[in-house]
Amino acid sequence: MIELRPFSSLGGANHGWLDAKHHFSFANYYDPARTSWGNLRVWNDDTIAPQTGFPPHPHRDMEIITYVRDGAITHQDNLGNHGRTVAGDVQVMSAGTGIAHSEYNREDETTRIFQIWIQPTRGGEKPSWGTRPFPKTDRAGQFVVLASGFDGDGDALPIRTDARVVGVTLRAGETAEYTLGSDRRAYLVPAIGAVEIDGVRVNARDGAAIKDAEVVKITAIEDSEIVMVDAA
């Protein structure tokens, strides 16, 4: 089963410095049919103006994954962590028992990110933060695990939940498959391009909520960059 969620149907708000689109209920946007997808709770599509950003604010009990699509995001927190994550790379913040952080676009260009929140399945642990590069050439034609709560997922950034965040880049006409399992759910968003899944076209920044699928087979209609969450 695939439920298409066109970009034009997403909730959101334009704050001037921040143009935010929400795949799920968030802040002042509430849709009872879109509150979560398994343990995936938030998928925000944020466009952040140059030299602006989110001032310090707290989080707890959430795994927060930031996928940078354009520009860069600079993180700083009350644990002393500080870092800059650039387009194509990923940062993970495990809020754990509590953390306060800021996120700014310190660049002279617009920054665009996907920010993904997944509910943890392990609680009571200290907060943590990390970032690492994921060259797009390494995921050309094949899925690469960007963040994972499972052992054996190599260099993926660790998260404290029964989920994976994966990415793939496909040229027009190429196909990639991901073994999901009928007991799990996936949520897929093309950052750019357009793909087809079981006859359903998914355009850039649309969401595709997938369940009851042993294997997810994705064919690129255009050159595409895809991010997907495999959730419990």
# chains A, B, ... in the order shown; residues from 1 in each chain; ligands from 1
>>> residues_around(residues="A:Asp89", least_positions_apart="4", cutoff="9 Å", atoms="only C-alpha atoms", output="list in words")
Thr66, Tyr67, Val68, Arg69, Thr85, Thr131, Arg132, Pro133, Phe134, Pro135, Lys136 and Leu146 of chain A
>>> residues_around(residues="A:Met1", least_positions_apart="6", cutoff="8 Å", atoms="only C-alpha atoms", output="mmCIF file with all heavy atoms, in the first residue's frame")
data_model
loop_
_atom_site.group_PDB
_atom_site.id
_atom_site.type_symbol
_atom_site.label_atom_id
_atom_site.label_comp_id
_atom_site.auth_asym_id
_atom_site.auth_seq_id
_atom_site.Cartn_x
_atom_site.Cartn_y
_atom_site.Cartn_z
ATOM 1 N N ILE A 210 4.410 4.068 2.930
ATOM 2 C CA ILE A 210 4.399 2.714 2.382
ATOM 3 C C ILE A 210 4.264 1.700 3.515
ATOM 4 O O ILE A 210 4.937 1.809 4.547
ATOM 5 C CB ILE A 210 5.706 2.438 1.612
ATOM 6 C CG1 ILE A 210 5.909 3.483 0.497
ATOM 7 C CG2 ILE A 210 5.721 1.025 1.041
ATOM 8 C CD1 ILE A 210 7.323 3.506 -0.065
ATOM 9 N N LYS A 211 3.391 0.724 3.325
ATOM 10 C CA LYS A 211 3.299 -0.383 4.277
ATOM 11 C C LYS A 211 2.859 -1.642 3.529
ATOM 12 O O LYS A 211 2.478 -1.595 2.361
ATOM 13 C CB LYS A 211 2.336 -0.070 5.428
ATOM 14 C CG LYS A 211 0.877 0.082 5.035
ATOM 15 C CD LYS A 211 0.023 0.311 6.277
ATOM 16 C CE LYS A 211 -1.450 0.415 5.915
ATOM 17 N NZ LYS A 211 -2.293 0.606 7.118
ATOM 18 N N ASP A 212 2.931 -2.790 4.215
ATOM 19 C CA ASP A 212 2.545 -4.078 3.639
ATOM 20 C C ASP A 212 3.337 -4.382 2.369
ATOM 21 O O ASP A 212 2.791 -4.885 1.376
ATOM 22 C CB ASP A 212 1.035 -4.134 3.344
ATOM 23 C CG ASP A 212 0.185 -3.903 4.589
ATOM 24 O OD1 ASP A 212 0.606 -4.358 5.659
ATOM 25 O OD2 ASP A 212 -0.877 -3.267 4.472
ATOM 26 N N ALA A 213 4.626 -4.079 2.399
ATOM 27 C CA ALA A 213 5.489 -4.319 1.241
ATOM 28 C C ALA A 213 6.738 -5.052 1.693
ATOM 29 O O ALA A 213 7.494 -4.528 2.513
ATOM 30 C CB ALA A 213 5.856 -3.008 0.566
#
>>> select_by_dssp(residues="stretch 119-163 of chain A", states="strand (DSSP E)", output="number ranges by chain")
A: 128-132, 144-148, 157-158, 163
>>> residues_around(residues="A:Leu188", least_positions_apart="3", cutoff="6 Å", atoms="only C-alpha atoms", output="ChimeraX atom specification")
/A:207-208,227-228
>>> residues_around(residues="A:Ala156", least_positions_apart="6", cutoff="8 Å", atoms="only C-alpha atoms", output="list in words")
Val145, Leu146, Ala147 and Ser148 of chain A
>>> closest_atom_pairs(of="stretch 106-215 of chain A", to="stretch 6-24 of chain A", cutoff="12 Å", atoms="only C-alpha atoms", output="CSV")
residue,atom,partner,partner_atom,distance
A:Thr110,CA,A:Trp17,CA,9.8
A:Thr111,CA,A:Leu18,CA,9.8
A:Arg112,CA,A:Asp19,CA,9.5
A:Ile113,CA,A:Ala20,CA,9.8
A:Phe114,CA,A:Lys21,CA,9.7
A:Gln115,CA,A:His22,CA,9.8
A:Ile116,CA,A:His23,CA,9.9
A:Trp117,CA,A:Phe24,CA,10.4
A:Ile118,CA,A:Phe24,CA,11.9
A:Tyr187,CA,A:His23,CA,10.0
A:Leu188,CA,A:His23,CA,10.9
A:Val189,CA,A:Phe7,CA,9.7
A:Pro190,CA,A:Phe7,CA,10.7
A:Ala191,CA,A:Phe7,CA,11.3
A:Ala194,CA,A:Pro6,CA,11.9
A:Val200,CA,A:Pro6,CA,11.5
A:Arg201,CA,A:Pro6,CA,10.0
A:Val202,CA,A:Pro6,CA,7.8
A:Asn203,CA,A:Pro6,CA,7.8
A:Ala204,CA,A:Phe7,CA,7.9
A:Arg205,CA,A:Phe7,CA,5.7
A:Asp206,CA,A:Phe7,CA,4.5
A:Gly207,CA,A:Pro6,CA,6.3
A:Ala208,CA,A:Pro6,CA,8.4
A:Ala209,CA,A:His23,CA,10.2
>>> closest_residue(among="A:Trp37, A:Phe26, A:Phe150, A:Phe143", to="A:Val216", atoms="only C-alpha atoms")
A:Phe143
>>> closest_residue(among="A:Ala140, A:Ala163, A:Ala87, A:Leu79", to="A:Lys126", atoms="only C-alpha atoms")
A:Leu79
>>> residues_around(residues="A:Thr175", least_positions_apart="5", cutoff="8 Å", atoms="only C-alpha atoms", output="list in words")
Gly141, Leu170, Lys217, Ile218, Thr219 and Ala220 of chain A
>>> closest_residue(among="A:Arg171, A:Arg122, A:Arg34, A:Arg164", to="A:Arg139", atoms="only C-alpha atoms")
A:Arg171
>>> atom_distance(atom1="atom CA of A:Ile221", atom2="atom CA of A:Glu196")
6.7 Å
>>> closest_residue(among="A:Gly96, A:Gln51, A:Pro58, A:Ala72", to="A:Glu125", atoms="only C-alpha atoms")
A:Gly96
>>> atom_distance(atom1="atom CA of A:Gly98", atom2="atom CA of A:Thr161")
16.4 Å
>>> residues_around(residues="A:Gly130", least_positions_apart="6", cutoff="10 Å", atoms="only C-alpha atoms", output="MDAnalysis selection string")
chainID A and resid 65 75 81:83 85 90:94 157:158
>>> write_last_selection(atoms="N, CA, C and O atoms", output="mmCIF file, in the first residue's frame")
data_model
loop_
_atom_site.group_PDB
_atom_site.id
_atom_site.type_symbol
_atom_site.label_atom_id
_atom_site.label_comp_id
_atom_site.auth_asym_id
_atom_site.auth_seq_id
_atom_site.Cartn_x
_atom_site.Cartn_y
_atom_site.Cartn_z
ATOM 1 N N ILE A 65 17.186 13.719 13.147
ATOM 2 C CA ILE A 65 18.121 13.530 12.038
ATOM 3 C C ILE A 65 17.939 14.685 11.065
ATOM 4 O O ILE A 65 16.813 14.974 10.635
ATOM 5 N N HIS A 75 25.450 23.687 14.007
ATOM 6 C CA HIS A 75 24.867 23.240 15.274
ATOM 7 C C HIS A 75 25.779 23.635 16.429
ATOM 8 O O HIS A 75 26.999 23.561 16.331
ATOM 9 N N ASN A 81 29.188 20.629 22.027
ATOM 10 C CA ASN A 81 29.309 20.194 20.636
ATOM 11 C C ASN A 81 29.092 21.373 19.693
ATOM 12 O O ASN A 81 28.220 22.217 19.926
ATOM 13 N N HIS A 82 29.862 21.406 18.630
ATOM 14 C CA HIS A 82 29.741 22.475 17.630
ATOM 15 C C HIS A 82 30.181 21.896 16.299
ATOM 16 O O HIS A 82 31.222 21.243 16.209
ATOM 17 N N GLY A 83 29.371 22.098 15.254
ATOM 18 C CA GLY A 83 29.758 21.555 13.964
ATOM 19 C C GLY A 83 28.906 22.086 12.833
ATOM 20 O O GLY A 83 27.812 22.617 13.045
ATOM 21 N N THR A 85 27.312 21.054 9.055
ATOM 22 C CA THR A 85 26.952 19.943 8.187
ATOM 23 C C THR A 85 26.525 20.512 6.840
ATOM 24 O O THR A 85 25.652 21.374 6.782
ATOM 25 N N VAL A 90 24.803 14.428 6.824
ATOM 26 C CA VAL A 90 23.756 14.149 7.812
ATOM 27 C C VAL A 90 24.293 14.428 9.208
ATOM 28 O O VAL A 90 25.456 14.156 9.509
ATOM 29 N N GLN A 91 23.406 14.971 10.062
ATOM 30 C CA GLN A 91 23.730 15.065 11.485
ATOM 31 C C GLN A 91 22.617 14.402 12.282
ATOM 32 O O GLN A 91 21.465 14.352 11.852
ATOM 33 N N VAL A 92 22.993 13.866 13.433
ATOM 34 C CA VAL A 92 22.043 13.202 14.321
ATOM 35 C C VAL A 92 22.198 13.768 15.721
ATOM 36 O O VAL A 92 23.319 13.895 16.226
ATOM 37 N N MET A 93 21.085 14.118 16.336
ATOM 38 C CA MET A 93 21.078 14.507 17.740
ATOM 39 C C MET A 93 20.126 13.585 18.486
ATOM 40 O O MET A 93 18.933 13.542 18.185
ATOM 41 N N SER A 94 20.686 12.819 19.417
ATOM 42 C CA SER A 94 19.876 12.005 20.318
ATOM 43 C C SER A 94 19.606 12.845 21.553
ATOM 44 O O SER A 94 20.509 13.084 22.367
ATOM 45 N N LEU A 157 25.354 6.731 11.147
ATOM 46 C CA LEU A 157 25.254 7.431 12.423
ATOM 47 C C LEU A 157 24.282 6.678 13.334
ATOM 48 O O LEU A 157 23.208 6.259 12.894
ATOM 49 N N PRO A 158 24.632 6.500 14.603
ATOM 50 C CA PRO A 158 23.761 5.716 15.491
ATOM 51 C C PRO A 158 22.556 6.509 15.981
ATOM 52 O O PRO A 158 22.663 7.692 16.290
#
>>> select_by_dssp(residues="stretch 74-171 of chain A", states="helix (DSSP H, G or I)", output="PDB file with N, CA and C atoms, in the first residue's frame")
ATOM      1  N   LYS A 136      27.466  11.535  -2.348  1.00  0.00           N
ATOM      2  CA  LYS A 136      26.391  11.023  -3.200  1.00  0.00           C
ATOM      3  C   LYS A 136      26.892   9.948  -4.151  1.00  0.00           C
ATOM      4  N   THR A 137      28.160   9.995  -4.507  1.00  0.00           N
ATOM      5  CA  THR A 137      28.704   8.970  -5.399  1.00  0.00           C
ATOM      6  C   THR A 137      28.673   7.592  -4.740  1.00  0.00           C
ATOM      7  N   ASP A 138      28.757   7.537  -3.404  1.00  0.00           N
ATOM      8  CA  ASP A 138      28.748   6.260  -2.703  1.00  0.00           C
ATOM      9  C   ASP A 138      27.365   5.620  -2.699  1.00  0.00           C
ATOM     10  N   ARG A 139      26.314   6.417  -2.915  1.00  0.00           N
ATOM     11  CA  ARG A 139      24.957   5.863  -2.930  1.00  0.00           C
ATOM     12  C   ARG A 139      24.331   5.891  -4.311  1.00  0.00           C
TER      13      ARG A 139
END
>>> closest_residue(among="A:Gly181, A:Ala95, A:Asn105, A:Arg41", to="A:Asp70", atoms="only C-alpha atoms")
A:Asn105
>>> closest_residue(among="A:Val144, A:Ile48, A:Leu4, A:Ala176", to="A:Tyr104", atoms="only C-alpha atoms")
A:Ile48
>>> decode(residues="stretch 170-219 of chain A", atoms="C-alpha atoms", output="mmCIF file, in the first residue's frame")
data_model
loop_
_atom_site.group_PDB
_atom_site.id
_atom_site.type_symbol
_atom_site.label_atom_id
_atom_site.label_comp_id
_atom_site.auth_asym_id
_atom_site.auth_seq_id
_atom_site.Cartn_x
_atom_site.Cartn_y
_atom_site.Cartn_z
ATOM 1 C CA LEU A 170 19.344 7.276 -9.221
ATOM 2 C CA ARG A 171 19.750 8.344 -12.813
ATOM 3 C CA ALA A 172 16.622 8.454 -14.961
ATOM 4 C CA GLY A 173 15.628 4.876 -15.809
ATOM 5 C CA GLU A 174 17.602 3.261 -12.972
ATOM 6 C CA THR A 175 15.901 1.066 -10.372
ATOM 7 C CA ALA A 176 16.807 0.324 -6.762
ATOM 8 C CA GLU A 177 15.196 -2.111 -4.338
ATOM 9 C CA TYR A 178 14.995 -1.994 -0.554
ATOM 10 C CA THR A 179 13.941 -4.992 1.534
ATOM 11 C CA LEU A 180 11.432 -3.593 4.007
ATOM 12 C CA GLY A 181 9.277 -6.445 5.345
ATOM 13 C CA SER A 182 5.508 -6.507 5.559
ATOM 14 C CA ASP A 183 5.574 -5.822 9.305
ATOM 15 C CA ARG A 184 7.350 -2.467 8.865
ATOM 16 C CA ARG A 185 6.574 0.925 7.347
ATOM 17 C CA ALA A 186 8.557 3.250 5.116
ATOM 18 C CA TYR A 187 8.253 6.934 4.365
ATOM 19 C CA LEU A 188 10.026 8.170 1.253
ATOM 20 C CA VAL A 189 10.677 11.687 -0.065
ATOM 21 C CA PRO A 190 12.652 12.581 -3.199
ATOM 22 C CA ALA A 191 14.835 15.608 -2.449
ATOM 23 C CA ILE A 192 15.046 16.181 -6.202
ATOM 24 C CA GLY A 193 13.686 14.409 -9.261
ATOM 25 C CA ALA A 194 10.718 12.072 -9.597
ATOM 26 C CA VAL A 195 10.317 8.331 -9.078
ATOM 27 C CA GLU A 196 7.720 5.625 -9.578
ATOM 28 C CA ILE A 197 6.769 3.018 -6.967
ATOM 29 C CA ASP A 198 4.210 0.372 -7.951
ATOM 30 C CA GLY A 199 2.758 2.651 -10.592
ATOM 31 C CA VAL A 200 2.588 5.690 -8.277
ATOM 32 C CA ARG A 201 4.564 8.759 -9.347
ATOM 33 C CA VAL A 202 6.302 10.573 -6.481
ATOM 34 C CA ASN A 203 7.634 14.009 -7.383
ATOM 35 C CA ALA A 204 10.310 16.041 -5.618
ATOM 36 C CA ARG A 205 9.323 16.824 -2.022
ATOM 37 C CA ASP A 206 6.171 14.665 -2.165
ATOM 38 C CA GLY A 207 5.862 12.035 0.554
ATOM 39 C CA ALA A 208 5.070 8.369 -0.002
ATOM 40 C CA ALA A 209 3.810 6.418 3.017
ATOM 41 C CA ILE A 210 4.399 2.714 2.382
ATOM 42 C CA LYS A 211 3.299 -0.383 4.277
ATOM 43 C CA ASP A 212 2.545 -4.078 3.639
ATOM 44 C CA ALA A 213 5.489 -4.319 1.241
ATOM 45 C CA GLU A 214 8.196 -6.955 1.482
ATOM 46 C CA VAL A 215 10.320 -5.046 -1.021
ATOM 47 C CA VAL A 216 10.152 -1.397 -2.092
ATOM 48 C CA LYS A 217 11.096 -1.086 -5.765
ATOM 49 C CA ILE A 218 11.876 2.457 -6.927
ATOM 50 C CA THR A 219 12.400 3.483 -10.538
#
